$ cat target-v4.cif   # mmCIF, N, CA and C atoms
data_protein
loop_
_atom_site.label_atom_id
_atom_site.label_comp_id
_atom_site.auth_asym_id
_atom_site.auth_seq_id
_atom_site.Cartn_x
_atom_site.Cartn_y
_atom_site.Cartn_z
N MET J 1 -25.76 -75.59 19.42
CA MET J 1 -25.92 -75.32 18.00
C MET J 1 -26.81 -74.08 17.78
N ARG J 2 -27.93 -74.03 18.54
CA ARG J 2 -28.82 -72.87 18.43
C ARG J 2 -28.12 -71.58 18.88
N LYS J 3 -27.33 -71.68 19.90
CA LYS J 3 -26.62 -70.52 20.43
C LYS J 3 -25.64 -69.99 19.38
N ASN J 4 -24.92 -70.92 18.70
CA ASN J 4 -23.98 -70.52 17.66
C ASN J 4 -24.70 -69.85 16.49
N ARG J 5 -25.88 -70.37 16.14
CA ARG J 5 -26.65 -69.79 15.03
C ARG J 5 -27.08 -68.36 15.38
N LYS J 6 -27.49 -68.14 16.63
CA LYS J 6 -27.89 -66.81 17.06
C LYS J 6 -26.71 -65.84 17.01
N ILE J 7 -25.55 -66.31 17.42
CA ILE J 7 -24.35 -65.47 17.39
C ILE J 7 -23.98 -65.13 15.96
N ILE J 8 -24.06 -66.12 15.07
CA ILE J 8 -23.74 -65.88 13.65
C ILE J 8 -24.73 -64.91 13.04
N LEU J 9 -26.04 -65.10 13.29
CA LEU J 9 -27.06 -64.20 12.74
C LEU J 9 -26.90 -62.79 13.30
N ALA J 10 -26.60 -62.69 14.58
CA ALA J 10 -26.40 -61.36 15.19
C ALA J 10 -25.17 -60.68 14.57
N SER J 11 -24.10 -61.43 14.35
CA SER J 11 -22.89 -60.87 13.73
C SER J 11 -23.17 -60.41 12.32
N LEU J 12 -23.88 -61.23 11.54
CA LEU J 12 -24.23 -60.84 10.17
C LEU J 12 -25.10 -59.59 10.16
N GLY J 13 -26.06 -59.52 11.07
CA GLY J 13 -26.92 -58.34 11.16
C GLY J 13 -26.12 -57.10 11.49
N PHE J 14 -25.18 -57.24 12.41
CA PHE J 14 -24.32 -56.13 12.79
C PHE J 14 -23.48 -55.66 11.59
N LEU J 15 -22.86 -56.61 10.88
CA LEU J 15 -22.04 -56.26 9.72
C LEU J 15 -22.86 -55.61 8.62
N LEU J 16 -24.07 -56.11 8.38
CA LEU J 16 -24.94 -55.50 7.37
C LEU J 16 -25.31 -54.07 7.76
N THR J 17 -25.58 -53.86 9.03
CA THR J 17 -25.92 -52.52 9.51
C THR J 17 -24.75 -51.56 9.33
N ILE J 18 -23.54 -52.01 9.69
CA ILE J 18 -22.35 -51.19 9.52
C ILE J 18 -22.15 -50.86 8.04
N GLY J 19 -22.30 -51.84 7.17
CA GLY J 19 -22.14 -51.62 5.73
C GLY J 19 -23.15 -50.63 5.19
N LEU J 20 -24.41 -50.76 5.63
CA LEU J 20 -25.47 -49.85 5.17
C LEU J 20 -25.19 -48.42 5.64
N VAL J 21 -24.75 -48.27 6.89
CA VAL J 21 -24.42 -46.94 7.41
C VAL J 21 -23.26 -46.35 6.61
N ALA J 22 -22.25 -47.14 6.29
CA ALA J 22 -21.11 -46.65 5.51
C ALA J 22 -21.55 -46.21 4.13
N ILE J 23 -22.38 -46.99 3.47
CA ILE J 23 -22.86 -46.63 2.12
C ILE J 23 -23.66 -45.34 2.16
N LEU J 24 -24.55 -45.21 3.14
CA LEU J 24 -25.36 -43.99 3.25
C LEU J 24 -24.51 -42.78 3.56
N THR J 25 -23.54 -42.94 4.44
CA THR J 25 -22.66 -41.82 4.81
C THR J 25 -21.87 -41.34 3.62
N VAL J 26 -21.27 -42.23 2.86
CA VAL J 26 -20.50 -41.85 1.68
C VAL J 26 -21.41 -41.16 0.67
N GLY J 27 -22.61 -41.67 0.48
CA GLY J 27 -23.55 -41.06 -0.46
C GLY J 27 -23.97 -39.67 -0.05
N LEU J 28 -24.14 -39.45 1.24
CA LEU J 28 -24.57 -38.14 1.72
C LEU J 28 -23.45 -37.12 1.70
N LEU J 29 -22.20 -37.55 1.91
CA LEU J 29 -21.08 -36.62 1.96
C LEU J 29 -20.53 -36.28 0.58
N LYS J 30 -20.85 -37.08 -0.40
CA LYS J 30 -20.33 -36.86 -1.74
C LYS J 30 -20.96 -35.61 -2.35
N PRO J 31 -20.14 -34.65 -2.83
CA PRO J 31 -20.70 -33.42 -3.40
C PRO J 31 -21.39 -33.70 -4.73
N SER J 32 -22.31 -32.82 -5.10
CA SER J 32 -22.97 -32.98 -6.39
C SER J 32 -21.97 -32.72 -7.51
N LYS J 33 -22.35 -33.04 -8.72
CA LYS J 33 -21.43 -32.95 -9.85
C LYS J 33 -20.95 -31.53 -10.12
N VAL J 34 -21.72 -30.52 -9.73
CA VAL J 34 -21.32 -29.15 -10.05
C VAL J 34 -20.68 -28.43 -8.87
N ASP J 35 -20.57 -29.08 -7.71
CA ASP J 35 -19.93 -28.44 -6.57
C ASP J 35 -18.42 -28.59 -6.67
N PHE J 36 -17.71 -27.49 -6.47
CA PHE J 36 -16.25 -27.56 -6.41
C PHE J 36 -15.72 -26.30 -5.75
N VAL J 37 -14.45 -26.34 -5.38
CA VAL J 37 -13.80 -25.18 -4.79
C VAL J 37 -12.74 -24.71 -5.77
N THR J 38 -12.75 -23.43 -6.10
CA THR J 38 -11.79 -22.89 -7.05
C THR J 38 -10.43 -22.74 -6.39
N LYS J 39 -9.42 -22.38 -7.16
CA LYS J 39 -8.08 -22.17 -6.63
C LYS J 39 -8.06 -21.05 -5.60
N THR J 40 -9.00 -20.14 -5.69
CA THR J 40 -9.01 -19.03 -4.75
C THR J 40 -9.80 -19.35 -3.50
N GLY J 41 -10.30 -20.59 -3.38
CA GLY J 41 -11.01 -20.99 -2.18
C GLY J 41 -12.50 -20.67 -2.21
N HIS J 42 -13.00 -20.15 -3.32
CA HIS J 42 -14.43 -19.88 -3.42
C HIS J 42 -15.19 -21.18 -3.61
N TYR J 43 -16.25 -21.38 -2.85
CA TYR J 43 -17.09 -22.57 -2.98
C TYR J 43 -18.16 -22.29 -4.02
N ILE J 44 -18.29 -23.16 -4.98
CA ILE J 44 -19.29 -22.99 -6.04
C ILE J 44 -20.32 -24.10 -5.89
N SER J 45 -21.57 -23.75 -5.81
CA SER J 45 -22.60 -24.78 -5.78
C SER J 45 -23.44 -24.65 -7.04
N ASP J 46 -24.37 -25.58 -7.23
CA ASP J 46 -25.22 -25.52 -8.42
C ASP J 46 -26.20 -24.36 -8.37
N LYS J 47 -26.26 -23.65 -7.24
CA LYS J 47 -27.17 -22.52 -7.10
C LYS J 47 -26.48 -21.18 -7.36
N ALA J 48 -25.16 -21.18 -7.55
CA ALA J 48 -24.42 -19.93 -7.73
C ALA J 48 -24.06 -19.74 -9.19
N PRO J 49 -24.13 -18.52 -9.67
CA PRO J 49 -23.69 -18.27 -11.05
C PRO J 49 -22.18 -18.42 -11.16
N ILE J 50 -21.74 -19.39 -11.92
CA ILE J 50 -20.32 -19.71 -11.99
C ILE J 50 -19.50 -18.54 -12.53
N SER J 51 -20.05 -17.73 -13.41
CA SER J 51 -19.28 -16.63 -13.99
C SER J 51 -18.81 -15.64 -12.94
N SER J 52 -19.48 -15.58 -11.78
CA SER J 52 -19.07 -14.63 -10.75
C SER J 52 -17.94 -15.16 -9.88
N TYR J 53 -17.51 -16.40 -10.12
CA TYR J 53 -16.47 -17.00 -9.28
C TYR J 53 -15.33 -17.57 -10.12
N GLU J 54 -14.95 -16.90 -11.17
CA GLU J 54 -13.90 -17.43 -12.02
C GLU J 54 -12.58 -17.43 -11.27
N SER J 55 -11.79 -18.48 -11.48
CA SER J 55 -10.48 -18.55 -10.84
C SER J 55 -9.48 -17.76 -11.67
N PRO J 56 -8.34 -17.41 -11.09
CA PRO J 56 -7.35 -16.60 -11.80
C PRO J 56 -6.87 -17.28 -13.07
N THR J 57 -6.60 -16.48 -14.07
CA THR J 57 -6.08 -17.01 -15.33
C THR J 57 -4.75 -16.33 -15.62
N ALA J 58 -4.05 -16.83 -16.61
CA ALA J 58 -2.74 -16.27 -16.96
C ALA J 58 -2.85 -14.80 -17.33
N SER J 59 -3.98 -14.39 -17.92
CA SER J 59 -4.13 -12.99 -18.31
C SER J 59 -4.36 -12.09 -17.10
N ASN J 60 -4.60 -12.68 -15.96
CA ASN J 60 -4.85 -11.92 -14.75
C ASN J 60 -3.68 -12.09 -13.77
N THR J 61 -2.47 -12.04 -14.30
CA THR J 61 -1.27 -12.21 -13.49
C THR J 61 -0.54 -10.87 -13.36
N ILE J 62 -0.08 -10.58 -12.16
CA ILE J 62 0.65 -9.34 -11.88
C ILE J 62 2.03 -9.73 -11.36
N GLU J 63 3.05 -9.08 -11.87
CA GLU J 63 4.40 -9.32 -11.33
C GLU J 63 4.52 -8.58 -10.01
N LEU J 64 5.00 -9.27 -8.99
CA LEU J 64 5.12 -8.64 -7.67
C LEU J 64 5.99 -7.39 -7.74
N ARG J 65 7.05 -7.42 -8.54
CA ARG J 65 7.97 -6.27 -8.61
C ARG J 65 7.27 -4.99 -9.06
N SER J 66 6.08 -5.10 -9.69
CA SER J 66 5.36 -3.89 -10.10
C SER J 66 4.57 -3.26 -8.96
N LEU J 67 4.57 -3.91 -7.78
CA LEU J 67 3.75 -3.43 -6.67
C LEU J 67 4.55 -2.76 -5.54
N TYR J 68 5.86 -2.70 -5.65
CA TYR J 68 6.65 -2.14 -4.55
C TYR J 68 7.89 -1.42 -5.06
N THR J 69 8.46 -0.64 -4.16
CA THR J 69 9.80 -0.09 -4.36
C THR J 69 10.64 -0.59 -3.20
N ILE J 70 11.92 -0.70 -3.44
CA ILE J 70 12.81 -1.20 -2.38
C ILE J 70 13.99 -0.25 -2.25
N ASN J 71 14.32 0.06 -1.00
CA ASN J 71 15.46 0.93 -0.69
C ASN J 71 16.20 0.26 0.46
N GLY J 72 17.31 -0.39 0.16
CA GLY J 72 18.01 -1.18 1.18
C GLY J 72 17.12 -2.34 1.58
N SER J 73 16.85 -2.45 2.88
CA SER J 73 15.98 -3.52 3.35
C SER J 73 14.53 -3.07 3.50
N THR J 74 14.24 -1.82 3.15
CA THR J 74 12.89 -1.28 3.29
C THR J 74 12.09 -1.50 2.01
N VAL J 75 10.96 -2.16 2.14
CA VAL J 75 10.07 -2.41 1.01
C VAL J 75 8.82 -1.56 1.22
N SER J 76 8.44 -0.80 0.20
CA SER J 76 7.25 0.05 0.30
C SER J 76 6.26 -0.31 -0.80
N TYR J 77 5.02 -0.49 -0.40
CA TYR J 77 3.93 -0.76 -1.36
C TYR J 77 3.65 0.53 -2.11
N ASN J 78 3.51 0.45 -3.43
CA ASN J 78 3.32 1.66 -4.23
C ASN J 78 1.83 2.00 -4.46
N ASN J 79 0.95 1.35 -3.74
CA ASN J 79 -0.50 1.62 -3.78
C ASN J 79 -1.15 1.32 -5.12
N LYS J 80 -0.51 0.52 -5.95
CA LYS J 80 -1.13 0.09 -7.21
C LYS J 80 -2.29 -0.85 -6.87
N PRO J 81 -3.48 -0.64 -7.45
CA PRO J 81 -4.61 -1.51 -7.14
C PRO J 81 -4.32 -2.95 -7.60
N VAL J 82 -4.79 -3.91 -6.80
CA VAL J 82 -4.61 -5.32 -7.12
C VAL J 82 -5.98 -5.98 -7.14
N ASP J 83 -6.30 -6.63 -8.26
CA ASP J 83 -7.54 -7.39 -8.38
C ASP J 83 -7.46 -8.57 -7.41
N ALA J 84 -8.50 -8.76 -6.60
CA ALA J 84 -8.50 -9.82 -5.60
C ALA J 84 -8.35 -11.21 -6.22
N LEU J 85 -8.74 -11.40 -7.46
CA LEU J 85 -8.63 -12.70 -8.11
C LEU J 85 -7.35 -12.86 -8.91
N ALA J 86 -6.54 -11.84 -8.95
CA ALA J 86 -5.29 -11.91 -9.71
C ALA J 86 -4.30 -12.86 -9.05
N THR J 87 -3.38 -13.38 -9.84
CA THR J 87 -2.28 -14.16 -9.32
C THR J 87 -1.03 -13.28 -9.38
N ILE J 88 -0.35 -13.16 -8.27
CA ILE J 88 0.87 -12.35 -8.19
C ILE J 88 2.06 -13.28 -8.35
N SER J 89 2.87 -13.01 -9.37
CA SER J 89 4.01 -13.90 -9.64
C SER J 89 5.26 -13.45 -8.89
N ILE J 90 6.03 -14.44 -8.45
CA ILE J 90 7.29 -14.21 -7.74
C ILE J 90 8.37 -14.99 -8.47
N SER J 91 9.46 -14.29 -8.89
CA SER J 91 10.47 -14.98 -9.69
C SER J 91 11.92 -14.69 -9.27
N SER J 92 12.11 -13.96 -8.17
CA SER J 92 13.49 -13.66 -7.76
C SER J 92 13.58 -13.61 -6.24
N ALA J 93 14.81 -13.64 -5.73
CA ALA J 93 15.03 -13.55 -4.28
C ALA J 93 14.52 -12.21 -3.74
N GLU J 94 14.73 -11.13 -4.53
CA GLU J 94 14.23 -9.82 -4.09
C GLU J 94 12.72 -9.84 -3.95
N GLU J 95 12.03 -10.44 -4.91
CA GLU J 95 10.56 -10.50 -4.84
C GLU J 95 10.10 -11.37 -3.67
N LEU J 96 10.82 -12.45 -3.40
CA LEU J 96 10.46 -13.30 -2.27
C LEU J 96 10.63 -12.53 -0.96
N TYR J 97 11.70 -11.75 -0.87
CA TYR J 97 11.91 -10.90 0.30
C TYR J 97 10.78 -9.86 0.40
N ALA J 98 10.43 -9.23 -0.72
CA ALA J 98 9.35 -8.23 -0.73
C ALA J 98 8.03 -8.88 -0.31
N PHE J 99 7.78 -10.11 -0.77
CA PHE J 99 6.58 -10.85 -0.36
C PHE J 99 6.54 -10.98 1.16
N SER J 100 7.69 -11.33 1.76
CA SER J 100 7.72 -11.50 3.22
C SER J 100 7.47 -10.18 3.94
N LYS J 101 8.00 -9.10 3.42
CA LYS J 101 7.82 -7.79 4.05
C LYS J 101 6.39 -7.27 3.85
N LEU J 102 5.88 -7.38 2.61
CA LEU J 102 4.55 -6.84 2.31
C LEU J 102 3.45 -7.58 3.07
N THR J 103 3.58 -8.90 3.22
CA THR J 103 2.55 -9.65 3.94
C THR J 103 2.56 -9.34 5.43
N ASN J 104 3.68 -8.84 5.94
CA ASN J 104 3.76 -8.50 7.36
C ASN J 104 3.47 -7.03 7.64
N THR J 105 3.34 -6.22 6.61
CA THR J 105 3.06 -4.80 6.83
C THR J 105 1.73 -4.35 6.22
N ASN J 106 1.13 -5.16 5.37
CA ASN J 106 -0.12 -4.80 4.73
C ASN J 106 -1.02 -6.04 4.69
N ASP J 107 -2.08 -6.05 5.49
CA ASP J 107 -2.94 -7.22 5.61
C ASP J 107 -3.57 -7.66 4.28
N ASN J 108 -3.74 -6.73 3.35
CA ASN J 108 -4.30 -7.12 2.05
C ASN J 108 -3.43 -8.17 1.36
N PHE J 109 -2.12 -8.09 1.56
CA PHE J 109 -1.22 -9.03 0.91
C PHE J 109 -1.32 -10.44 1.50
N LEU J 110 -2.00 -10.58 2.63
CA LEU J 110 -2.21 -11.91 3.21
C LEU J 110 -3.34 -12.67 2.52
N ALA J 111 -4.12 -11.99 1.69
CA ALA J 111 -5.27 -12.62 1.06
C ALA J 111 -5.11 -12.85 -0.44
N TYR J 112 -4.00 -12.45 -1.02
CA TYR J 112 -3.82 -12.60 -2.46
C TYR J 112 -3.33 -14.00 -2.83
N ASN J 113 -3.37 -14.28 -4.12
CA ASN J 113 -2.90 -15.55 -4.66
C ASN J 113 -1.53 -15.34 -5.28
N TYR J 114 -0.60 -16.22 -4.95
CA TYR J 114 0.78 -16.08 -5.41
C TYR J 114 1.21 -17.33 -6.17
N LYS J 115 2.14 -17.12 -7.09
CA LYS J 115 2.71 -18.26 -7.82
C LYS J 115 4.21 -18.03 -7.96
N LEU J 116 4.97 -19.02 -7.53
CA LEU J 116 6.42 -19.00 -7.68
C LEU J 116 6.72 -19.47 -9.10
N LEU J 117 7.41 -18.64 -9.88
CA LEU J 117 7.64 -18.98 -11.28
C LEU J 117 8.87 -19.84 -11.52
N SER J 118 9.81 -19.82 -10.58
CA SER J 118 11.03 -20.60 -10.77
C SER J 118 11.65 -20.88 -9.41
N ASN J 119 12.62 -21.78 -9.39
CA ASN J 119 13.36 -22.04 -8.15
C ASN J 119 14.15 -20.78 -7.81
N ILE J 120 14.20 -20.46 -6.53
CA ILE J 120 14.90 -19.26 -6.08
C ILE J 120 15.98 -19.66 -5.09
N ASN J 121 17.20 -19.21 -5.34
CA ASN J 121 18.30 -19.42 -4.41
C ASN J 121 18.39 -18.18 -3.52
N TYR J 122 17.98 -18.33 -2.27
CA TYR J 122 17.93 -17.21 -1.34
C TYR J 122 19.21 -17.12 -0.51
N GLU J 123 20.11 -18.07 -0.69
CA GLU J 123 21.31 -18.20 0.14
C GLU J 123 22.15 -16.93 0.20
N ASN J 124 22.34 -16.25 -0.90
CA ASN J 124 23.22 -15.08 -0.93
C ASN J 124 22.47 -13.75 -0.90
N TYR J 125 21.15 -13.79 -0.68
CA TYR J 125 20.41 -12.53 -0.63
C TYR J 125 20.75 -11.84 0.69
N PRO J 126 21.01 -10.53 0.67
CA PRO J 126 21.55 -9.85 1.86
C PRO J 126 20.56 -9.64 3.00
N PHE J 127 19.25 -9.77 2.76
CA PHE J 127 18.28 -9.49 3.82
C PHE J 127 17.53 -10.75 4.21
N GLU J 128 17.22 -10.85 5.50
CA GLU J 128 16.59 -12.05 6.04
C GLU J 128 15.10 -12.11 5.69
N PHE J 129 14.66 -13.29 5.26
CA PHE J 129 13.25 -13.53 4.98
C PHE J 129 12.49 -13.54 6.29
N GLU J 130 11.36 -12.83 6.33
CA GLU J 130 10.52 -12.82 7.53
C GLU J 130 9.38 -13.81 7.34
N PRO J 131 9.12 -14.67 8.30
CA PRO J 131 8.00 -15.60 8.18
C PRO J 131 6.70 -14.83 7.92
N VAL J 132 5.86 -15.36 7.08
CA VAL J 132 4.60 -14.71 6.73
C VAL J 132 3.60 -14.88 7.86
N ALA J 133 2.97 -13.79 8.24
CA ALA J 133 1.91 -13.78 9.25
C ALA J 133 2.36 -14.40 10.57
N TRP J 134 3.55 -14.08 11.00
CA TRP J 134 4.07 -14.67 12.24
C TRP J 134 3.53 -13.98 13.48
N GLU J 135 2.98 -12.80 13.33
CA GLU J 135 2.43 -12.08 14.48
C GLU J 135 1.10 -12.68 14.91
N PRO J 136 0.78 -12.58 16.21
CA PRO J 136 -0.52 -13.09 16.68
C PRO J 136 -1.66 -12.39 15.93
N ASN J 137 -2.75 -13.08 15.75
CA ASN J 137 -3.97 -12.58 15.10
C ASN J 137 -3.78 -12.29 13.61
N LYS J 138 -2.74 -12.83 13.01
CA LYS J 138 -2.56 -12.70 11.57
C LYS J 138 -2.53 -14.10 10.97
N SER J 139 -3.13 -14.24 9.80
CA SER J 139 -3.07 -15.54 9.12
C SER J 139 -3.07 -15.32 7.62
N PHE J 140 -2.40 -16.20 6.93
CA PHE J 140 -2.35 -16.15 5.47
C PHE J 140 -3.63 -16.77 4.94
N ARG J 141 -4.41 -15.99 4.20
CA ARG J 141 -5.71 -16.43 3.71
C ARG J 141 -5.71 -16.65 2.19
N GLY J 142 -4.60 -16.34 1.57
CA GLY J 142 -4.51 -16.48 0.12
C GLY J 142 -4.09 -17.87 -0.27
N SER J 143 -3.49 -17.98 -1.45
CA SER J 143 -2.95 -19.26 -1.89
C SER J 143 -1.52 -19.02 -2.37
N PHE J 144 -0.70 -20.05 -2.25
CA PHE J 144 0.68 -19.95 -2.72
C PHE J 144 0.99 -21.20 -3.52
N ASP J 145 1.14 -21.03 -4.83
CA ASP J 145 1.45 -22.13 -5.72
C ASP J 145 2.96 -22.16 -5.88
N GLY J 146 3.62 -23.17 -5.28
CA GLY J 146 5.06 -23.28 -5.34
C GLY J 146 5.56 -23.82 -6.66
N ASN J 147 4.64 -24.11 -7.58
CA ASN J 147 4.98 -24.54 -8.93
C ASN J 147 5.82 -25.82 -8.89
N GLY J 148 5.50 -26.71 -7.96
CA GLY J 148 6.30 -27.93 -7.79
C GLY J 148 5.68 -29.15 -8.35
#

$ encode --input "target-v4.cif" --output "structure tokens"
Amino acid sequence: MRKNRKIILASLGFLLTIGLVAILTVGLLKPSKVDFVTKTGHYISDKAPISSYESPTASNTIELRSLYTINGSTVSYNNKPVDALATISISSAEELYAFSKLTNTNDNFLAYNYKLLSNINYENYPFEFEPVAWEPNKSFRGSFDGNG
């Protein structure tokens, strides 16, 4: 009987310890009320001025077609400046193709924020889509909102 009581007390002590550790861990990992990550991946804490980390808005949207010229399968960036916080909209198969070419030829395009404005049927587009950042040592650092 005494042995069973010791086993029960030891089990209860173990369970209470596990519960206390879980409660403390959740409390420590939970971010403060003002901590959040914006759509652009910027981390905002209660110590940072929020106005300096505004996320993209509709008024800060650029159409991708305004950033390139296309001649056959060749896409050329027209050197138009792009605000790093802007959202670049994509609404056609040609723009999706240009996105694939620009991200593989200009590293700046790997860090921008993109938004797909509509469903795109790429089936009949004459040029092959190139995977984004498929080369070694390249990675997509921006965001892509598929609008889904």

$ resolve_selection --input "target-v4.cif" --expression "the PyMOL selection byres ((chain J and resi 62) around 8)" --output "list in words"
Ala58, Ser59, Asn60, Thr61, Glu63, Leu64, Arg65, Ser66, Leu67, Ala86, Thr87, Ile88, Ser89 and Ile90 of chain J

$ write_last_selection --input "target-v4.cif" --atoms "N, CA and C atoms" --output "mmCIF file, in the coordinates of the input"
data_model
loop_
_atom_site.group_PDB
_atom_site.id
_atom_site.type_symbol
_atom_site.label_atom_id
_atom_site.label_comp_id
_atom_site.auth_asym_id
_atom_site.auth_seq_id
_atom_site.Cartn_x
_atom_site.Cartn_y
_atom_site.Cartn_z
ATOM 1 N N ALA J 58 -4.050 -16.830 -16.610
ATOM 2 C CA ALA J 58 -2.740 -16.270 -16.960
ATOM 3 C C ALA J 58 -2.850 -14.800 -17.330
ATOM 4 N N SER J 59 -3.980 -14.390 -17.920
ATOM 5 C CA SER J 59 -4.130 -12.990 -18.310
ATOM 6 C C SER J 59 -4.360 -12.090 -17.100
ATOM 7 N N ASN J 60 -4.600 -12.680 -15.960
ATOM 8 C CA ASN J 60 -4.850 -11.920 -14.750
ATOM 9 C C ASN J 60 -3.680 -12.090 -13.770
ATOM 10 N N THR J 61 -2.470 -12.040 -14.300
ATOM 11 C CA THR J 61 -1.270 -12.210 -13.490
ATOM 12 C C THR J 61 -0.540 -10.870 -13.360
ATOM 13 N N GLU J 63 3.050 -9.080 -11.870
ATOM 14 C CA GLU J 63 4.400 -9.320 -11.330
ATOM 15 C C GLU J 63 4.520 -8.580 -10.010
ATOM 16 N N LEU J 64 5.000 -9.270 -8.990
ATOM 17 C CA LEU J 64 5.120 -8.640 -7.670
ATOM 18 C C LEU J 64 5.990 -7.390 -7.740
ATOM 19 N N ARG J 65 7.050 -7.420 -8.540
ATOM 20 C CA ARG J 65 7.970 -6.270 -8.610
ATOM 21 C C ARG J 65 7.270 -4.990 -9.060
ATOM 22 N N SER J 66 6.080 -5.100 -9.690
ATOM 23 C CA SER J 66 5.360 -3.890 -10.100
ATOM 24 C C SER J 66 4.570 -3.260 -8.960
ATOM 25 N N LEU J 67 4.570 -3.910 -7.780
ATOM 26 C CA LEU J 67 3.750 -3.430 -6.670
ATOM 27 C C LEU J 67 4.550 -2.760 -5.540
ATOM 28 N N ALA J 86 -6.540 -11.840 -8.950
ATOM 29 C CA ALA J 86 -5.290 -11.910 -9.710
ATOM 30 C C ALA J 86 -4.300 -12.860 -9.050
ATOM 31 N N THR J 87 -3.380 -13.380 -9.840
ATOM 32 C CA THR J 87 -2.280 -14.160 -9.320
ATOM 33 C C THR J 87 -1.030 -13.280 -9.380
ATOM 34 N N ILE J 88 -0.350 -13.160 -8.270
ATOM 35 C CA ILE J 88 0.870 -12.350 -8.190
ATOM 36 C C ILE J 88 2.060 -13.280 -8.350
ATOM 37 N N SER J 89 2.870 -13.010 -9.370
ATOM 38 C CA SER J 89 4.010 -13.900 -9.640
ATOM 39 C C SER J 89 5.260 -13.450 -8.890
ATOM 40 N N ILE J 90 6.030 -14.440 -8.450
ATOM 41 C CA ILE J 90 7.290 -14.210 -7.740
ATOM 42 C C ILE J 90 8.370 -14.990 -8.470
#

$ closest_residue --input "target-v4.cif" --among "J:Leu116, J:Asn79, J:Asn121, J:Ala133" --to "J:Ser100" --atoms "only N, CA and C atoms"
J:Ala133

$ atom_distance --input "target-v4.cif" --atom1 "atom N of J:Asn113" --atom2 "atom C of J:Phe127"
22.8 Å

$ closest_residue --input "target-v4.cif" --among "J:Asn124, J:Asn104, J:Ser118, J:Ser92" --to "J:Asp145" --atoms "only C-alpha atoms"
J:Ser118

$ atom_distance --input "target-v4.cif" --atom1 "atom CA of J:Glu95" --atom2 "atom CA of J:Ala111"
17.0 Å

$ select_by_dssp --input "target-v4.cif" --residues "stretch 53-101 of chain J" --states "strand (DSSP E or B)" --output "list in words"
Thr61, Ile62, Glu63, Tyr68, Thr69, Ile70, Asn71, Thr74, Val75, Ser76, Tyr77, Thr87, Ile88, Ser89 and Ile90 of chain J

$ write_last_selection --input "target-v4.cif" --atoms "N, CA and C atoms" --output "PDB file, in the coordinates of the input"
ATOM      1  N   THR J  61      -2.470 -12.040 -14.300  1.00  0.00           N
ATOM      2  CA  THR J  61      -1.270 -12.210 -13.490  1.00  0.00           C
ATOM      3  C   THR J  61      -0.540 -10.870 -13.360  1.00  0.00           C
ATOM      4  N   ILE J  62      -0.080 -10.580 -12.160  1.00  0.00           N
ATOM      5  CA  ILE J  62       0.650  -9.340 -11.880  1.00  0.00           C
ATOM      6  C   ILE J  62       2.030  -9.730 -11.360  1.00  0.00           C
ATOM      7  N   GLU J  63       3.050  -9.080 -11.870  1.00  0.00           N
ATOM      8  CA  GLU J  63       4.400  -9.320 -11.330  1.00  0.00           C
ATOM      9  C   GLU J  63       4.520  -8.580 -10.010  1.00  0.00           C
ATOM     10  N   TYR J  68       5.860  -2.700  -5.650  1.00  0.00           N
ATOM     11  CA  TYR J  68       6.650  -2.140  -4.550  1.00  0.00           C
ATOM     12  C   TYR J  68       7.890  -1.420  -5.060  1.00  0.00           C
ATOM     13  N   THR J  69       8.460  -0.640  -4.160  1.00  0.00           N
ATOM     14  CA  THR J  69       9.800  -0.090  -4.360  1.00  0.00           C
ATOM     15  C   THR J  69      10.640  -0.590  -3.200  1.00  0.00           C
ATOM     16  N   ILE J  70      11.920  -0.700  -3.440  1.00  0.00           N
ATOM     17  CA  ILE J  70      12.810  -1.200  -2.380  1.00  0.00           C
ATOM     18  C   ILE J  70      13.990  -0.250  -2.250  1.00  0.00           C
ATOM     19  N   ASN J  71      14.320   0.060  -1.000  1.00  0.00           N
ATOM     20  CA  ASN J  71      15.460   0.930  -0.690  1.00  0.00           C
ATOM     21  C   ASN J  71      16.200   0.260   0.460  1.00  0.00           C
ATOM     22  N   THR J  74      14.240  -1.820   3.150  1.00  0.00           N
ATOM     23  CA  THR J  74      12.890  -1.280   3.290  1.00  0.00           C
ATOM     24  C   THR J  74      12.090  -1.500   2.010  1.00  0.00           C
ATOM     25  N   VAL J  75      10.960  -2.160   2.140  1.00  0.00           N
ATOM     26  CA  VAL J  75      10.070  -2.410   1.010  1.00  0.00           C
ATOM     27  C   VAL J  75       8.820  -1.560   1.220  1.00  0.00           C
ATOM     28  N   SER J  76       8.440  -0.800   0.200  1.00  0.00           N
ATOM     29  CA  SER J  76       7.250   0.050   0.300  1.00  0.00           C
ATOM     30  C   SER J  76       6.260  -0.310  -0.800  1.00  0.00           C
ATOM     31  N   TYR J  77       5.020  -0.490  -0.400  1.00  0.00           N
ATOM     32  CA  TYR J  77       3.930  -0.760  -1.360  1.00  0.00           C
ATOM     33  C   TYR J  77       3.650   0.530  -2.110  1.00  0.00           C
ATOM     34  N   THR J  87      -3.380 -13.380  -9.840  1.00  0.00           N
ATOM     35  CA  THR J  87      -2.280 -14.160  -9.320  1.00  0.00           C
ATOM     36  C   THR J  87      -1.030 -13.280  -9.380  1.00  0.00           C
ATOM     37  N   ILE J  88      -0.350 -13.160  -8.270  1.00  0.00           N
ATOM     38  CA  ILE J  88       0.870 -12.350  -8.190  1.00  0.00           C
ATOM     39  C   ILE J  88       2.060 -13.280  -8.350  1.00  0.00           C
ATOM     40  N   SER J  89       2.870 -13.010  -9.370  1.00  0.00           N
ATOM     41  CA  SER J  89       4.010 -13.900  -9.640  1.00  0.00           C
ATOM     42  C   SER J  89       5.260 -13.450  -8.890  1.00  0.00           C
ATOM     43  N   ILE J  90       6.030 -14.440  -8.450  1.00  0.00           N
ATOM     44  CA  ILE J  90       7.290 -14.210  -7.740  1.00  0.00           C
ATOM     45  C   ILE J  90       8.370 -14.990  -8.470  1.00  0.00           C
TER      46      ILE J  90
END

$ residues_around --input "target-v4.cif" --residues "J:Leu102" --least-positions-apart "4" --cutoff "10 Å" --atoms "only C-alpha atoms" --output "ChimeraX atom specification"
/J:67-68,75-77,96-98,106-110,130,132

$ atom_distance --input "target-v4.cif" --atom1 "atom N of J:Ser73" --atom2 "atom CA of J:Pro131"
16.7 Å
